[in-house]
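> This is the structure I want to talk about, given as structure tokens.
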Amino acid sequence: MRLGVVFPQIEIAGDAEAVRRFVLAAEELEYDYILAYDHVVKAVHADRTPELEGPYTEKDPFHDPFVLFGYAAGITRRIEFTTGVLILPQRQTVLVAQQAADVDILSGGRLRLGVGIGWNYVEYDALGENFRTRGRRADEQIGYLRQLWKEPVVSFEGRFDRIDRAGINPRPKRSIPIWIGGVSEPA
């Protein structure tokens, strides 16, 4: 059995020393991994059409998981890092590939990328992505991520992404595990 701990994004609320203490305590207590949630944009729920029904509002702080895990990798040796879940289709695929590769490399292969499609259309609008195509976009992104991690030079022409004879560097030494989570029809 493997045991993980959820990073208390809201409770820590941007306190750098509390982040450091939590990460070190999780490793000292021999948890196997730290899981961090992802929300780039926090939105007011009131007076929206369609209504926002998710649990987080503009009052809930979230650290970027890649930045958090990059920091945590530098102060730990063993504990693994899991996004739960990274809202993949609201992000640029090549950027996610490089950020995930960097965390995996700098942590010595301790990243697991949990991905999903999200529920907050306001977040998609603010990031310039289409909420209605998020399921189809995520499907395309997963194969594209794996290709970017594996091949030094990639040519890819999809519905949502494209690259012409280019790639990321450095690439991870392994195929970073991707876990998929979701409860909606597009997921």
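Chain identifiers are assigned as A, B, and so on, following the order in which chains appear in the structure tokens; residues are numbered from 1 within each chain, and ligands are numbered from 1 in order of appearance.
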Determine, counting only C-alpha atoms, which protein, DNA and RNA residues have an atom within 8 Å of an atom of Arg146 in chain A; residues of the same chain fewer than 3 positions away are not included. Present the result as JSON, numbers by chain.
{"A": [142, 143, 149, 150, 175, 176]}
> Now that the selection is made, can you save its residues with N, CA, C and O atoms as a compact mmCIF listing (two decimals), in the first residue's frame?

# COMPACT_ATOMS: atom_id res chain seq x y z
N ILE A 142 -2.66 14.14 -24.56
CA ILE A 142 -1.97 13.06 -23.86
C ILE A 142 -0.97 12.35 -24.78
O ILE A 142 0.19 12.16 -24.42
N GLY A 143 -1.38 11.99 -25.97
CA GLY A 143 -0.45 11.38 -26.92
C GLY A 143 0.66 12.33 -27.34
O GLY A 143 1.82 11.91 -27.50
N TRP A 149 7.97 13.98 -24.85
CA TRP A 149 8.90 13.45 -23.86
C TRP A 149 9.86 12.42 -24.44
O TRP A 149 10.96 12.24 -23.95
N LYS A 150 9.42 11.74 -25.49
CA LYS A 150 10.20 10.63 -26.05
C LYS A 150 11.14 11.05 -27.17
O LYS A 150 12.28 10.57 -27.24
N SER A 175 9.07 7.86 -19.52
CA SER A 175 7.75 8.36 -19.86
C SER A 175 7.05 8.67 -18.54
O SER A 175 6.78 7.76 -17.75
N ILE A 176 6.79 9.92 -18.29
CA ILE A 176 6.15 10.33 -17.04
C ILE A 176 4.76 9.69 -16.97
O ILE A 176 3.98 9.81 -17.92
> Which parts of range 45-99 of chain A does DSSP call alpha helix (DSSP H) when run on the backbone here, written out as a ChimeraX atom specification?
/A:65-75,93-99
> Where does range 12-93 of chain A meet range 108-115 of chain A within 10 Å, residue by residue, with the nearest atom pair and distance in Å to one decimal for each, counting only C-alpha atoms, listed by chain and rising number, as a tab-separated table?

residue	atom	partner	partner_atom	distance
A:Tyr33	CA	A:Arg110	CA	8.7
A:Ile34	CA	A:Leu111	CA	9.9
A:Leu35	CA	A:Gly114	CA	9.2
A:Ala36	CA	A:Gly114	CA	9.6
A:Tyr37	CA	A:Gly114	CA	9.4
A:Asp38	CA	A:Val115	CA	9.5
A:Phe66	CA	A:Leu111	CA	9.7
A:Phe69	CA	A:Leu111	CA	8.4
A:Ala73	CA	A:Arg110	CA	8.3
A:Arg77	CA	A:Gly108	CA	8.5
A:Arg78	CA	A:Arg110	CA	7.8
A:Ile79	CA	A:Arg110	CA	7.2
A:Glu80	CA	A:Arg110	CA	4.5
A:Phe81	CA	A:Leu111	CA	4.9
A:Thr82	CA	A:Arg112	CA	4.8
A:Thr83	CA	A:Gly114	CA	4.8
A:Gly84	CA	A:Gly114	CA	5.1
A:Val85	CA	A:Val115	CA	4.7
A:Leu86	CA	A:Val115	CA	4.6
A:Ile87	CA	A:Val115	CA	5.9
A:Leu88	CA	A:Val115	CA	5.8
A:Pro89	CA	A:Val115	CA	9.0
> For those residues, write C-alpha atoms to a file as an mmCIF file, in the first residue's frame.

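Writing done, so here's out.cif:
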data_model
loop_
_atom_site.group_PDB
_atom_site.id
_atom_site.type_symbol
_atom_site.label_atom_id
_atom_site.label_comp_id
_atom_site.auth_asym_id
_atom_site.auth_seq_id
_atom_site.Cartn_x
_atom_site.Cartn_y
_atom_site.Cartn_z
ATOM 1 C CA TYR A 33 3.713 11.238 -2.256
ATOM 2 C CA ILE A 34 2.317 14.748 -2.010
ATOM 3 C CA LEU A 35 -0.718 15.537 -4.158
ATOM 4 C CA ALA A 36 -1.445 19.137 -5.188
ATOM 5 C CA TYR A 37 -4.540 20.501 -6.905
ATOM 6 C CA ASP A 38 -4.498 22.927 -9.819
ATOM 7 C CA PHE A 66 4.907 22.702 -11.171
ATOM 8 C CA PHE A 69 6.913 20.592 -6.906
ATOM 9 C CA ALA A 73 12.082 18.529 -5.181
ATOM 10 C CA ARG A 77 15.106 13.313 -1.563
ATOM 11 C CA ARG A 78 12.466 10.588 -1.652
ATOM 12 C CA ILE A 79 8.854 11.734 -1.617
ATOM 13 C CA GLU A 80 6.999 11.702 -4.951
ATOM 14 C CA PHE A 81 4.797 14.428 -6.428
ATOM 15 C CA THR A 82 1.369 14.043 -8.018
ATOM 16 C CA THR A 83 -0.933 16.580 -9.616
ATOM 17 C CA GLY A 84 -4.498 15.839 -8.699
ATOM 18 C CA VAL A 85 -5.539 16.979 -11.212
ATOM 19 C CA LEU A 86 -3.752 19.347 -13.568
ATOM 20 C CA ILE A 87 -6.420 20.913 -15.779
ATOM 21 C CA LEU A 88 -4.638 19.943 -18.967
ATOM 22 C CA PRO A 89 -6.768 21.409 -21.790
#
> Using only C-alpha atoms, can you tell me which of A:Glu30, A:Asp161, A:Asp104, A:Glu123 comes closest to Gln92 in chain A?
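Counting only C-alpha atoms, the residue closest to Gln92 in chain A is A:Asp161.
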> DSSP on the backbone: which residues in range 50-175 of chain A end up as strand (DSSP E or B)? Give the answer as a VMD selection string.
chain A and resid 80 to 83 86 to 87 111 to 116 154 to 157 162 to 166
> Skipping near chain neighbours, those fewer than 4 positions away, what residues fall within 7 Å of Ala187 in chain A using only C-alpha atoms, listed as a PDB file with N, CA, C and O atoms, in the first residue's frame?

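Here's the written file out-v7.pdb:
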ATOM      1  N   ILE A 117     -10.064  17.678 -16.870  1.00  0.00           N
ATOM      2  CA  ILE A 117     -10.532  18.722 -17.780  1.00  0.00           C
ATOM      3  C   ILE A 117     -11.195  19.908 -17.089  1.00  0.00           C
ATOM      4  O   ILE A 117     -11.490  20.904 -17.717  1.00  0.00           O
ATOM      5  N   GLY A 135     -12.659  18.085 -23.511  1.00  0.00           N
ATOM      6  CA  GLY A 135     -12.497  16.631 -23.539  1.00  0.00           C
ATOM      7  C   GLY A 135     -11.715  16.171 -24.757  1.00  0.00           C
ATOM      8  O   GLY A 135     -10.770  15.385 -24.650  1.00  0.00           O
ATOM      9  N   GLY A 182     -11.783  12.306 -13.557  1.00  0.00           N
ATOM     10  CA  GLY A 182     -12.910  13.125 -13.962  1.00  0.00           C
ATOM     11  C   GLY A 182     -14.233  12.444 -13.714  1.00  0.00           C
ATOM     12  O   GLY A 182     -14.299  11.227 -13.595  1.00  0.00           O
ATOM     13  N   VAL A 183     -15.286  13.273 -13.656  1.00  0.00           N
ATOM     14  CA  VAL A 183     -16.626  12.732 -13.428  1.00  0.00           C
ATOM     15  C   VAL A 183     -17.643  13.237 -14.445  1.00  0.00           C
ATOM     16  O   VAL A 183     -18.765  12.748 -14.490  1.00  0.00           O
TER      17      VAL A 183
END
> Nearest to Arg91 in chain A: which of A:Leu127, A:Val122, A:Leu24, A:Leu68 is it, counting only C-alpha atoms?
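Among the listed residues, the smallest separation from Arg91 in chain A belongs to A:Leu127.
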> Which residues, written as JSON, numbers by chain, have at least one atom at most 10 Å from range 151-155 of chain A, with only C-alpha atoms counted and residues fewer than 3 positions away on the same chain left out?
{"A": [144, 146, 147, 148, 162, 163, 164, 165, 166, 167, 168, 169, 170, 171]}
> Considering only C-alpha atoms, tabulate each residue of range 48-102 of chain A that lies at most 6 Å from range 1-14 of chain A along with its nearest interatomic pair and the corresponding distance in Å to one decimal; arrange the rows by chain and ascending residue number and present them as a Markdown table.

| residue | atom | partner | partner_atom | distance |
| --- | --- | --- | --- | --- |
| A:Asp60 | CA | A:Ile10 | CA | 5.6 |
| A:Pro61 | CA | A:Ile10 | CA | 5.3 |
| A:Phe62 | CA | A:Gln9 | CA | 5.3 |
> Quick one: of A:Glu17, A:Thr76, A:Tyr121, A:Trp179, who's nearest to Tyr31 in chain A, counting only C-alpha atoms?
A:Thr76
> Identify which of the residues A:Gln98, A:Asn120, A:Thr133, A:Thr93 lies closest to Ala43 in chain A, counting only C-alpha atoms when measuring atom-to-atom distances.
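Using only C-alpha atoms, Ala43 in chain A sits closest to A:Asn120.
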> Using Å and a single decimal, report how far CA of Leu52 in chain A sits from CA of Ile178 in chain A.
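Distance reported for this atom pair: 27.5 Å.
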> Given the choices A:Leu145, A:Leu29, A:Gln90, A:Val103, which gets closest to Arg132 in chain A if the distance is worked out from only C-alpha atoms?
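Checking each of A:Leu145, A:Leu29, A:Gln90, A:Val103 against Arg132 in chain A, counting only C-alpha atoms, the winner is A:Gln90.
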